[in-house]
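Have a look at my_file.cif below; it lists mmCIF, C-alpha atoms.
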data_coords
loop_
_atom_site.group_PDB
_atom_site.id
_atom_site.type_symbol
_atom_site.label_atom_id
_atom_site.label_comp_id
_atom_site.auth_asym_id
_atom_site.auth_seq_id
_atom_site.Cartn_x
_atom_site.Cartn_y
_atom_site.Cartn_z
ATOM 1 C CA MET A 1 13.209 19.409 -1.094
ATOM 2 C CA ALA A 2 14.427 20.807 -4.409
ATOM 3 C CA ASP A 3 11.106 22.485 -5.137
ATOM 4 C CA ARG A 4 10.977 24.159 -1.736
ATOM 5 C CA TYR A 5 14.472 25.622 -1.795
ATOM 6 C CA GLU A 6 13.137 29.103 -2.448
ATOM 7 C CA ASP A 7 11.062 28.879 0.734
ATOM 8 C CA PHE A 8 14.232 28.192 2.702
ATOM 9 C CA ARG A 9 16.039 31.095 1.052
ATOM 10 C CA LYS A 10 13.191 33.442 1.965
ATOM 11 C CA LEU A 11 13.702 32.466 5.599
ATOM 12 C CA GLY A 12 17.413 33.247 5.360
ATOM 13 C CA ALA A 13 18.301 29.566 5.444
ATOM 14 C CA GLU A 14 20.851 27.628 3.436
ATOM 15 C CA VAL A 15 20.403 23.940 2.640
ATOM 16 C CA LEU A 16 23.300 21.497 2.482
ATOM 17 C CA ALA A 17 22.486 17.978 1.307
ATOM 18 C CA ILE A 18 25.062 15.382 2.352
ATOM 19 C CA SER A 19 25.645 11.722 1.569
ATOM 20 C CA THR A 20 28.623 9.396 1.788
ATOM 21 C CA ASP A 21 28.717 9.176 -2.013
ATOM 22 C CA SER A 22 31.642 10.758 -3.846
ATOM 23 C CA VAL A 23 31.409 14.152 -5.498
ATOM 24 C CA TYR A 24 31.603 12.308 -8.858
ATOM 25 C CA SER A 25 28.479 10.364 -7.984
ATOM 26 C CA HIS A 26 26.784 13.632 -7.021
ATOM 27 C CA LYS A 27 27.659 15.097 -10.411
ATOM 28 C CA VAL A 28 26.107 12.232 -12.327
ATOM 29 C CA PHE A 29 23.134 12.137 -9.953
ATOM 30 C CA ALA A 30 22.451 15.851 -10.433
ATOM 31 C CA GLU A 31 22.876 15.617 -14.202
ATOM 32 C CA THR A 32 20.836 12.509 -14.885
ATOM 33 C CA SER A 33 18.207 12.039 -12.205
ATOM 34 C CA PRO A 34 14.899 13.814 -12.924
ATOM 35 C CA SER A 35 14.404 14.707 -9.270
ATOM 36 C CA ALA A 36 18.008 15.732 -8.609
ATOM 37 C CA ARG A 37 18.274 17.939 -11.685
ATOM 38 C CA ARG A 38 16.111 20.541 -9.962
ATOM 39 C CA VAL A 39 18.438 20.768 -6.966
ATOM 40 C CA GLN A 40 19.917 24.233 -6.569
ATOM 41 C CA PHE A 41 21.722 23.729 -3.269
ATOM 42 C CA PRO A 42 25.091 22.025 -2.724
ATOM 43 C CA LEU A 43 25.383 18.238 -2.620
ATOM 44 C CA LEU A 44 28.215 17.524 -0.184
ATOM 45 C CA ALA A 45 30.371 14.411 -0.336
ATOM 46 C CA ASP A 46 31.323 12.655 2.896
ATOM 47 C CA PRO A 47 33.168 9.569 1.636
ATOM 48 C CA THR A 48 35.184 9.170 4.850
ATOM 49 C CA HIS A 49 31.887 9.164 6.830
ATOM 50 C CA GLU A 50 33.376 11.583 9.357
ATOM 51 C CA ILE A 51 30.722 14.251 8.981
ATOM 52 C CA SER A 52 27.862 11.741 8.980
ATOM 53 C CA LYS A 53 29.226 10.106 12.129
ATOM 54 C CA CYS A 54 29.772 13.397 13.892
ATOM 55 C CA TYR A 55 26.209 14.504 13.199
ATOM 56 C CA GLY A 56 24.484 11.279 14.136
ATOM 57 C CA ALA A 57 23.528 10.375 10.586
ATOM 58 C CA TYR A 58 25.819 7.416 9.967
ATOM 59 C CA ASN A 59 24.650 3.809 9.739
ATOM 60 C CA PRO A 60 27.624 1.427 10.093
ATOM 61 C CA ASP A 61 25.518 -1.494 8.792
ATOM 62 C CA THR A 62 25.181 0.171 5.384
ATOM 63 C CA GLY A 63 28.078 2.615 5.293
ATOM 64 C CA SER A 64 25.585 5.304 4.345
ATOM 65 C CA GLY A 65 23.941 8.195 6.053
ATOM 66 C CA SER A 66 20.331 7.859 7.080
ATOM 67 C CA ARG A 67 17.412 10.270 6.640
ATOM 68 C CA THR A 68 18.739 12.702 9.221
ATOM 69 C CA THR A 69 17.947 16.393 9.332
ATOM 70 C CA LEU A 70 19.557 19.035 11.537
ATOM 71 C CA ILE A 71 18.839 22.728 11.812
ATOM 72 C CA ILE A 72 21.706 25.006 12.836
ATOM 73 C CA SER A 73 21.014 28.551 14.023
ATOM 74 C CA PRO A 74 22.903 31.595 12.672
ATOM 75 C CA LYS A 75 24.947 31.486 15.889
ATOM 76 C CA GLY A 76 26.055 27.969 15.001
ATOM 77 C CA LEU A 77 24.015 26.012 17.530
ATOM 78 C CA ILE A 78 22.200 22.769 16.718
ATOM 79 C CA LYS A 79 18.527 23.476 17.288
ATOM 80 C CA PHE A 80 16.837 20.435 15.760
ATOM 81 C CA TYR A 81 17.710 16.817 15.066
ATOM 82 C CA SER A 82 15.524 14.170 13.478
ATOM 83 C CA LYS A 83 15.948 10.758 11.906
ATOM 84 C CA TYR A 84 13.352 9.257 9.575
ATOM 85 C CA PRO A 85 12.887 5.593 8.687
ATOM 86 C CA GLY A 86 14.472 4.299 5.488
ATOM 87 C CA PRO A 87 11.203 3.720 3.630
ATOM 88 C CA VAL A 88 9.665 7.015 4.717
ATOM 89 C CA GLY A 89 10.585 10.282 2.999
ATOM 90 C CA ARG A 90 10.743 13.466 4.992
ATOM 91 C CA ASN A 91 8.194 16.257 5.069
ATOM 92 C CA VAL A 92 9.936 19.454 4.061
ATOM 93 C CA ASP A 93 6.956 21.498 5.260
ATOM 94 C CA GLU A 94 7.804 20.473 8.803
ATOM 95 C CA THR A 95 11.443 21.557 8.483
ATOM 96 C CA ILE A 96 10.292 24.931 7.205
ATOM 97 C CA ARG A 97 7.738 25.192 10.000
ATOM 98 C CA VAL A 98 10.377 24.467 12.655
ATOM 99 C CA ILE A 99 12.651 27.195 11.289
ATOM 100 C CA GLN A 100 9.722 29.618 11.281
ATOM 101 C CA ALA A 101 8.846 28.608 14.848
ATOM 102 C CA LEU A 102 12.445 29.026 16.036
ATOM 103 C CA GLN A 103 12.589 32.462 14.425
ATOM 104 C CA PHE A 104 9.214 33.377 15.955
ATOM 105 C CA SER A 105 10.321 32.210 19.382
ATOM 106 C CA GLU A 106 13.560 34.140 19.159
ATOM 107 C CA ALA A 107 11.824 37.315 18.017
ATOM 108 C CA THR A 108 8.994 37.291 20.542
ATOM 109 C CA GLY A 109 10.387 35.361 23.502
ATOM 110 C CA LEU A 110 7.282 33.180 23.305
ATOM 111 C CA GLY A 111 7.084 29.452 22.801
ATOM 112 C CA ALA A 112 5.503 27.979 19.699
ATOM 113 C CA PRO A 113 2.864 25.532 20.982
ATOM 114 C CA ALA A 114 2.121 22.167 19.382
ATOM 115 C CA GLY A 115 0.833 22.593 15.869
ATOM 116 C CA TRP A 116 1.983 26.200 15.660
ATOM 117 C CA VAL A 117 2.094 27.749 12.228
ATOM 118 C CA PRO A 118 2.802 31.388 11.368
ATOM 119 C CA GLY A 119 -0.099 33.584 12.360
ATOM 120 C CA ARG A 120 -1.002 31.505 15.395
ATOM 121 C CA PRO A 121 -0.329 32.938 18.879
ATOM 122 C CA GLY A 122 2.720 31.990 20.885
ATOM 123 C CA ILE A 123 2.681 30.906 24.499
ATOM 124 C CA ARG A 124 4.431 32.402 27.505
ATOM 125 C CA ARG A 125 6.663 29.815 29.126
ATOM 126 C CA GLU A 126 6.478 31.091 32.694
ATOM 127 C CA TRP A 127 6.488 29.345 36.043
ATOM 128 C CA GLN A 128 3.252 31.112 37.095
ATOM 129 C CA LEU A 129 1.428 29.606 34.144
ATOM 130 C CA VAL A 130 2.321 26.011 35.011
ATOM 131 C CA GLY A 131 -0.948 24.274 35.826
ATOM 132 C CA LYS A 132 -2.989 27.004 34.155
ATOM 133 C CA ILE A 133 -2.346 26.039 30.558
ATOM 134 C CA MET B 1 18.728 -3.138 43.525
ATOM 135 C CA SER B 2 17.232 -4.031 40.124
ATOM 136 C CA SER B 3 17.316 -1.415 37.370
ATOM 137 C CA ALA B 4 14.422 -0.288 35.177
ATOM 138 C CA ILE B 5 16.148 -1.082 31.900
ATOM 139 C CA ARG B 6 19.125 -3.063 30.638
ATOM 140 C CA ASN B 7 21.889 -0.660 29.781
ATOM 141 C CA GLU B 8 23.182 -2.957 27.031
ATOM 142 C CA ASP B 9 19.817 -2.716 25.246
ATOM 143 C CA CYS B 10 19.809 1.066 25.176
ATOM 144 C CA PHE B 11 18.942 2.899 21.953
ATOM 145 C CA VAL B 12 21.215 5.746 22.933
ATOM 146 C CA LYS B 13 24.501 5.226 24.739
ATOM 147 C CA GLU B 14 25.321 8.894 25.192
ATOM 148 C CA PRO B 15 22.866 11.775 25.619
ATOM 149 C CA VAL B 16 21.809 13.575 22.457
ATOM 150 C CA LEU B 17 21.675 17.258 23.323
ATOM 151 C CA LEU B 18 20.506 20.278 21.397
ATOM 152 C CA ASP B 19 21.830 23.836 21.680
ATOM 153 C CA LYS B 20 25.353 22.523 21.231
ATOM 154 C CA PRO B 21 27.752 24.181 18.780
ATOM 155 C CA ALA B 22 27.725 22.553 15.364
ATOM 156 C CA ALA B 23 31.190 21.176 14.583
ATOM 157 C CA ASP B 24 32.762 22.967 11.659
ATOM 158 C CA PHE B 25 33.505 20.833 8.629
ATOM 159 C CA THR B 26 34.921 21.125 5.128
ATOM 160 C CA ALA B 27 33.682 18.993 2.261
ATOM 161 C CA GLU B 28 33.816 18.757 -1.493
ATOM 162 C CA ALA B 29 30.481 19.389 -3.108
ATOM 163 C CA TYR B 30 28.659 19.486 -6.423
ATOM 164 C CA TYR B 31 27.017 22.869 -6.731
ATOM 165 C CA ARG B 32 25.167 24.023 -9.830
ATOM 166 C CA GLY B 33 27.478 22.201 -12.199
ATOM 167 C CA GLU B 34 30.673 23.052 -10.380
ATOM 168 C CA ARG B 35 32.978 21.170 -8.050
ATOM 169 C CA VAL B 36 33.381 23.359 -4.975
ATOM 170 C CA THR B 37 34.555 23.232 -1.388
ATOM 171 C CA VAL B 38 31.993 23.989 1.276
ATOM 172 C CA LYS B 39 33.035 25.021 4.775
ATOM 173 C CA LEU B 40 30.239 25.261 7.323
ATOM 174 C CA SER B 41 31.770 28.260 9.115
ATOM 175 C CA ASP B 42 31.865 30.209 5.838
ATOM 176 C CA ILE B 43 28.077 30.295 5.953
ATOM 177 C CA SER B 44 27.596 32.975 8.565
ATOM 178 C CA ASN B 45 24.499 34.636 9.900
ATOM 179 C CA LYS B 46 22.196 32.168 8.231
ATOM 180 C CA TRP B 47 20.146 29.226 9.352
ATOM 181 C CA VAL B 48 21.603 26.033 7.934
ATOM 182 C CA VAL B 49 19.712 22.824 7.226
ATOM 183 C CA LEU B 50 21.890 19.700 7.066
ATOM 184 C CA PHE B 51 19.954 17.221 4.978
ATOM 185 C CA PHE B 52 21.634 13.817 5.171
ATOM 186 C CA TYR B 53 20.401 11.204 2.737
ATOM 187 C CA SER B 54 21.549 7.649 2.168
ATOM 188 C CA ASN B 55 22.546 7.354 -1.487
ATOM 189 C CA ASP B 56 22.446 9.094 -4.821
ATOM 190 C CA PHE B 57 20.095 7.523 -7.371
ATOM 191 C CA THR B 58 17.794 6.193 -4.648
ATOM 192 C CA PHE B 59 14.731 7.618 -2.979
ATOM 193 C CA VAL B 60 15.716 10.768 -1.105
#
I'd like the structure from this file rewritten - as structure tokens, please.
Amino acid sequence: MADRYEDFRKLGAEVLAISTDSVYSHKVFAETSPSARRVQFPLLADPTHEISKCYGAYNPDTGSGSRTTLIISPKGLIKFYSKYPGPVGRNVDETIRVIQALQFSEATGLGAPAGWVPGRPGIRREWQLVGKI
Amino acid sequence: MSSAIRNEDCFVKEPVLLDKPAADFTAEAYYRGERVTVKLSDISNKWVVLFFYSNDFTFV
């Protein structure tokens, strides 16, 4: 995620990483961990678990958040929600692709079909086309 | 009348819906060496990715 931050910025997106660890833990994590040292976006602390609970990321069995990703539009609406298994890291390419697809859909009024990537055609989501796709 | 699934076994108890407003929040954060306060509503006119992870020092 840290290496792809620039790609998010180019799309006009901000990244907020959040865990239930304290801000002190985040400081040491960012300063000492080889992977975290490259992080340029904020690491938010949610020690009361309120934010994690509210956004469907909290796991009461562990007291930690889980691998949950949400995408919020500029108008403040939740457009995407996903939860990955503990042992499986996320694919940042897919998060970027979803933002690109949402922006494409908003700009053109077309849907982004399965497997869409920039450059591919959109699809008209019209009643008349049902059964013809 | 028998039901198709046992409600007590359900993965989701309440519907998870998209296109809902994201609740505003304020949190302390570590940002580029500084201790800052981040308020979601201060980030305006941008897409925002909330990237929850379980713990510092583990596999993110």
Non-local contacts of Val16 (chain B) (12 Å; only C-alpha atoms; under 6 positions in same chain excluded) as a ChimeraX atom specification
/A:54-56,78-82
Please find the residues of chain A near chain B - the criterion being any atom within 7 Å, counting all atoms listed in the file - and write them as a PyMOL selection string.
chain A and resi 12-19+21+23+25-27+29+33+40-46+57+64-80+89
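Taking CA of Ser52 (chain A) and CA of Ala30 (chain A) as the two end points, the separation is 20.6 Å.
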All residues 7 Å or closer to region 95-103 of chain A, all atoms listed in the file, same chain fewer than 2 positions away omitted, as a ChimeraX atom specification:
/A:8,92-93,105-107,112,117
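You will find CA of Asn59 (chain A) at 13.8 Å from CA of Val12 (chain B).
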For region 113-127 of chain A, I'd like the enclosing box, axis-aligned and padded by 8 Å on every side, reported as JSON with centre and edge lengths in Å to one decimal.
{"center_x": 2.8, "center_y": 27.9, "center_z": 23.7, "size_x": 23.7, "size_y": 27.4, "size_z": 40.7}
